[in-house]
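Presented below is the structure to which this report refers.
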Amino acid sequence: MMYAAEPTADPLMGDTAALTGGAALALLGVRDAPDTPADVLIRAPRRVAATGGVRPLPTTRWPRTIAVHGVPSTRPVRAAADFAARATDPDLIRSVLAHVVQAGWCHPRDLHAELRSARLLARPAVRAAAAELLVGVRSVAEGRAREALAAGDLPTPLWNARLHTPEGAFLASPDAYWPDEGVALEVDSVEYHFTRDAWQATLRRRLRLEAHGVLVVSVTPSMVQDAPAEVLAALRVLLALGGGARPTRPTVVARGHVQLELPVAPQ
């Protein structure tokens with residue numbers, strides 16, 4: 001801030017310089033967000049040379065700023081868009097944008113609007129990540145599962161729908177759920193189930209779903225990536241079973257999610 005702000009301005013006021021991009025997201029604790037180089041917005045047409053890990057970015061769209069640990073920063077939705085504008089790794093774009101939404105820093109529709117305003121939806125990796133978030137996908141593993149399901153011509157599920165009992169008690173939020181068939185897909189990463197307590201919590205969640213008649217397919221991200229045909233085969237069997245004359249129909253209600261239409265072209 002001291003380097004990028006105008007010499008006569010207070011560098012911590014956020015009037016002439018504001019942290020953005022991956023560095024701003026990393027400061028917020030967003031997982032996978034790269035903290036270098038430190039992207040700093042400055043008001044165009046002023047120019048400042050990049051130096052020492054600082055990358056000044058002139059802009060005519062000066063944003064509202066917030067203070068994060070005393071550092072003037074753009075709001076998370078703008079920081080995410082500025083990150084996406086300069087990132088080149090599709091998986092990293094997918095991961096960081098998903099974690100921004102998953103952590104609650106912004107709504108996927110607000111992020112989509114910001115990416116559209118920045119004219120970033122013409123980039124395939126950014127457009128794909130934004131489209132996944134609009135339909136409810138919240139991680140790279142879920143994104144790959146969505147690609148596998150689309151390739152397998154399966155019915156479109158709800159992503160991260162919140163399932164409740166008829167009385168309103170929360171049961172679980174599976175990664176994908178087919179309400180007509182009562183089938184759920186859970187993509188469980190070893191990273192998040194490394195401890196005994198975490199693994200038992202996963203099993204209890206599955207037990208709750210099965211006790212209410214939901215058929216569950218549990219896989220790891222590597223299974224989706226390395227053996228998608230096997231995952232699709234298991235889902236087809238359960239979807240056929242769920243769509244038939246089951247002795248027990250699922251007693252769950254999907255709430256908190258609307259299946260949104262995907263934008264077919266960048267705007």
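To be explicit about the labels: the chains of the structure tokens are called A, B, and onward in the order shown, and within each one the residues are counted from 1, while ligands get numbers from 1 in the order they are shown.
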#### Entry: All strand (DSSP E or B) residues (DSSP, backbone) inside segment 17-115 of chain A, as a list in words
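For segment 17-115 of chain A, the strand (DSSP E or B) set is Ala17, Ala18, Leu19, Thr20, Ala38, Asp39, Val40, Leu41, Ile42, Arg43, Thr51, Val54, Arg55, Pro56, Leu57, Pro58, Thr59, Thr65, Ile66, Ala67, Val68, Val71, Pro72, Ser73 and Thr74 of chain A.
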Using N, CA, C and O atoms, can you export the residues from the last selection as a tab-separated table (two decimals), in the first residue's frame?
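Written output follows (result.tsv):
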```tsv
chain	number	residue	atom	x	y	z
A	17	ALA	N	-5.21	3.38	-3.46
A	17	ALA	CA	-4.64	2.03	-3.62
A	17	ALA	C	-5.44	1.06	-2.77
A	17	ALA	O	-5.81	1.37	-1.63
A	18	ALA	N	-5.73	-0.14	-3.33
A	18	ALA	CA	-6.49	-1.15	-2.60
A	18	ALA	C	-6.04	-2.53	-3.03
A	18	ALA	O	-5.91	-2.82	-4.23
A	19	LEU	N	-5.79	-3.38	-2.06
A	19	LEU	CA	-5.39	-4.75	-2.35
A	19	LEU	C	-6.55	-5.50	-3.02
A	19	LEU	O	-7.71	-5.31	-2.65
A	20	THR	N	-6.24	-6.34	-3.99
A	20	THR	CA	-7.28	-7.09	-4.68
A	20	THR	C	-6.72	-8.44	-5.14
A	20	THR	O	-5.61	-8.83	-4.78
A	38	ALA	N	1.21	-9.50	-5.09
A	38	ALA	CA	0.18	-8.71	-4.43
A	38	ALA	C	-0.40	-7.73	-5.45
A	38	ALA	O	0.25	-6.74	-5.81
A	39	ASP	N	-1.61	-8.04	-5.93
A	39	ASP	CA	-2.27	-7.15	-6.89
A	39	ASP	C	-2.87	-5.96	-6.14
A	39	ASP	O	-3.64	-6.14	-5.19
A	40	VAL	N	-2.54	-4.76	-6.58
A	40	VAL	CA	-3.02	-3.54	-5.93
A	40	VAL	C	-3.66	-2.65	-6.99
A	40	VAL	O	-3.00	-2.27	-7.97
A	41	LEU	N	-4.94	-2.32	-6.79
A	41	LEU	CA	-5.60	-1.41	-7.72
A	41	LEU	C	-5.14	0.02	-7.47
A	41	LEU	O	-4.96	0.45	-6.32
A	42	ILE	N	-4.92	0.74	-8.55
A	42	ILE	CA	-4.66	2.17	-8.49
A	42	ILE	C	-5.57	2.84	-9.51
A	42	ILE	O	-6.04	2.20	-10.45
A	43	ARG	N	-5.83	4.11	-9.33
A	43	ARG	CA	-6.75	4.81	-10.21
A	43	ARG	C	-6.08	5.15	-11.54
A	43	ARG	O	-5.02	5.78	-11.57
A	51	THR	N	7.07	-4.00	-8.72
A	51	THR	CA	8.34	-4.20	-8.04
A	51	THR	C	8.13	-5.01	-6.76
A	51	THR	O	7.08	-4.93	-6.13
A	54	VAL	N	4.89	-6.68	-5.88
A	54	VAL	CA	3.70	-5.83	-5.97
A	54	VAL	C	3.37	-5.61	-7.45
A	54	VAL	O	4.24	-5.24	-8.24
A	55	ARG	N	2.10	-5.86	-7.81
A	55	ARG	CA	1.67	-5.68	-9.20
A	55	ARG	C	0.56	-4.63	-9.22
A	55	ARG	O	-0.61	-4.96	-9.01
A	56	PRO	N	0.89	-3.36	-9.47
A	56	PRO	CA	-0.13	-2.31	-9.53
A	56	PRO	C	-1.01	-2.49	-10.77
A	56	PRO	O	-0.52	-2.77	-11.87
A	57	LEU	N	-2.34	-2.35	-10.59
A	57	LEU	CA	-3.29	-2.55	-11.67
A	57	LEU	C	-4.15	-1.30	-11.82
A	57	LEU	O	-5.05	-1.06	-11.02
A	58	PRO	N	-3.88	-0.48	-12.83
A	58	PRO	CA	-4.72	0.70	-13.06
A	58	PRO	C	-6.15	0.29	-13.41
A	58	PRO	O	-6.36	-0.68	-14.15
A	59	THR	N	-7.15	1.00	-12.90
A	59	THR	CA	-8.54	0.69	-13.20
A	59	THR	C	-9.36	1.96	-13.27
A	59	THR	O	-9.10	2.92	-12.55
A	65	THR	N	-14.20	-0.10	-0.91
A	65	THR	CA	-13.15	-0.87	-0.24
A	65	THR	C	-13.55	-1.19	1.20
A	65	THR	O	-14.42	-0.55	1.78
A	66	ILE	N	-12.90	-2.22	1.73
A	66	ILE	CA	-13.08	-2.61	3.12
A	66	ILE	C	-11.69	-2.75	3.74
A	66	ILE	O	-10.69	-2.86	3.03
A	67	ALA	N	-11.63	-2.73	5.05
A	67	ALA	CA	-10.35	-2.93	5.75
A	67	ALA	C	-10.28	-4.37	6.24
A	67	ALA	O	-11.16	-4.83	6.96
A	68	VAL	N	-9.26	-5.09	5.81
A	68	VAL	CA	-9.03	-6.47	6.25
A	68	VAL	C	-7.71	-6.49	7.01
A	68	VAL	O	-6.65	-6.28	6.42
A	71	VAL	N	-5.72	-3.50	6.29
A	71	VAL	CA	-5.27	-3.27	4.92
A	71	VAL	C	-6.47	-2.95	4.04
A	71	VAL	O	-7.43	-3.73	3.99
A	72	PRO	N	-6.47	-1.81	3.34
A	72	PRO	CA	-7.58	-1.50	2.44
A	72	PRO	C	-7.63	-2.50	1.30
A	72	PRO	O	-6.64	-2.69	0.59
A	73	SER	N	-8.79	-3.12	1.13
A	73	SER	CA	-8.94	-4.18	0.14
A	73	SER	C	-10.28	-4.02	-0.58
A	73	SER	O	-11.22	-3.41	-0.06
A	74	THR	N	-10.34	-4.59	-1.77
A	74	THR	CA	-11.62	-4.64	-2.47
A	74	THR	C	-12.51	-5.66	-1.78
A	74	THR	O	-12.05	-6.53	-1.05
```
### Message
Applying 12 Å and only C-alpha atoms, which residues near Leu115 of chain A remain after dropping the ones on its own chain fewer than 4 positions away? List them as a PyMOL selection string.
### Response
chain A and resi 77-85+97+108-111+119-123+125-131+266-267
### Message
Env of Val30 of chain A: 7 Å cut, atoms = only C-alpha atoms, seq-sep filter 3 positions within chain, self excluded. Answer as a list in words.
### Response
Leu25, Ala26, Ala33, His99 and Val100 of chain A
### Task
Have a look at atom CA of Leu149 of chain A and atom CA of Leu185 of chain A and let me know their distance in Å, one decimal.
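Atom-to-atom, atom CA of Leu149 of chain A to atom CA of Leu185 of chain A, that is 10.7 Å.
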### Task
Measure the distance from atom CA of Trp178 of chain A to atom CA of Gly152 of chain A in Å and round it to one decimal.
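Computing the Euclidean distance for atom CA of Trp178 of chain A and atom CA of Gly152 of chain A yields 14.9 Å.
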### Query
A:Ala118, A:Leu239, A:Val252, A:Ala229: which is nearest Val183 of chain A, counting only C-alpha atoms?
A:Leu239
### Task
Considering only C-alpha atoms, return as a ChimeraX atom specification whatever protein or nucleic-acid residues lie within 8 Å of segment 161-172 of chain A, sequence-local ones (same chain, fewer than 6 positions apart) excluded.
/A:136,205,208-209,212,251-257
Selection above as a file: C-alpha atoms, as a short mmCIF file (atom, residue, chain, number, x, y, z; two decimals), in the first residue's frame:
```cif
data_model
loop_
_atom_site.label_atom_id
_atom_site.label_comp_id
_atom_site.auth_asym_id
_atom_site.auth_seq_id
_atom_site.Cartn_x
_atom_site.Cartn_y
_atom_site.Cartn_z
CA GLY A 136 -24.91 -25.10 -6.97
CA ARG A 205 -24.87 -38.30 7.61
CA ARG A 208 -29.60 -40.37 8.28
CA LEU A 209 -30.22 -40.20 4.55
CA HIS A 212 -35.25 -41.72 5.27
CA THR A 251 -39.32 -39.10 3.16
CA VAL A 252 -37.23 -35.99 2.56
CA VAL A 253 -37.90 -32.50 1.26
CA ALA A 254 -35.30 -30.58 -0.77
CA ARG A 255 -35.12 -26.92 0.21
CA GLY A 256 -32.90 -23.90 -0.18
CA HIS A 257 -32.03 -24.44 -3.82
#
```
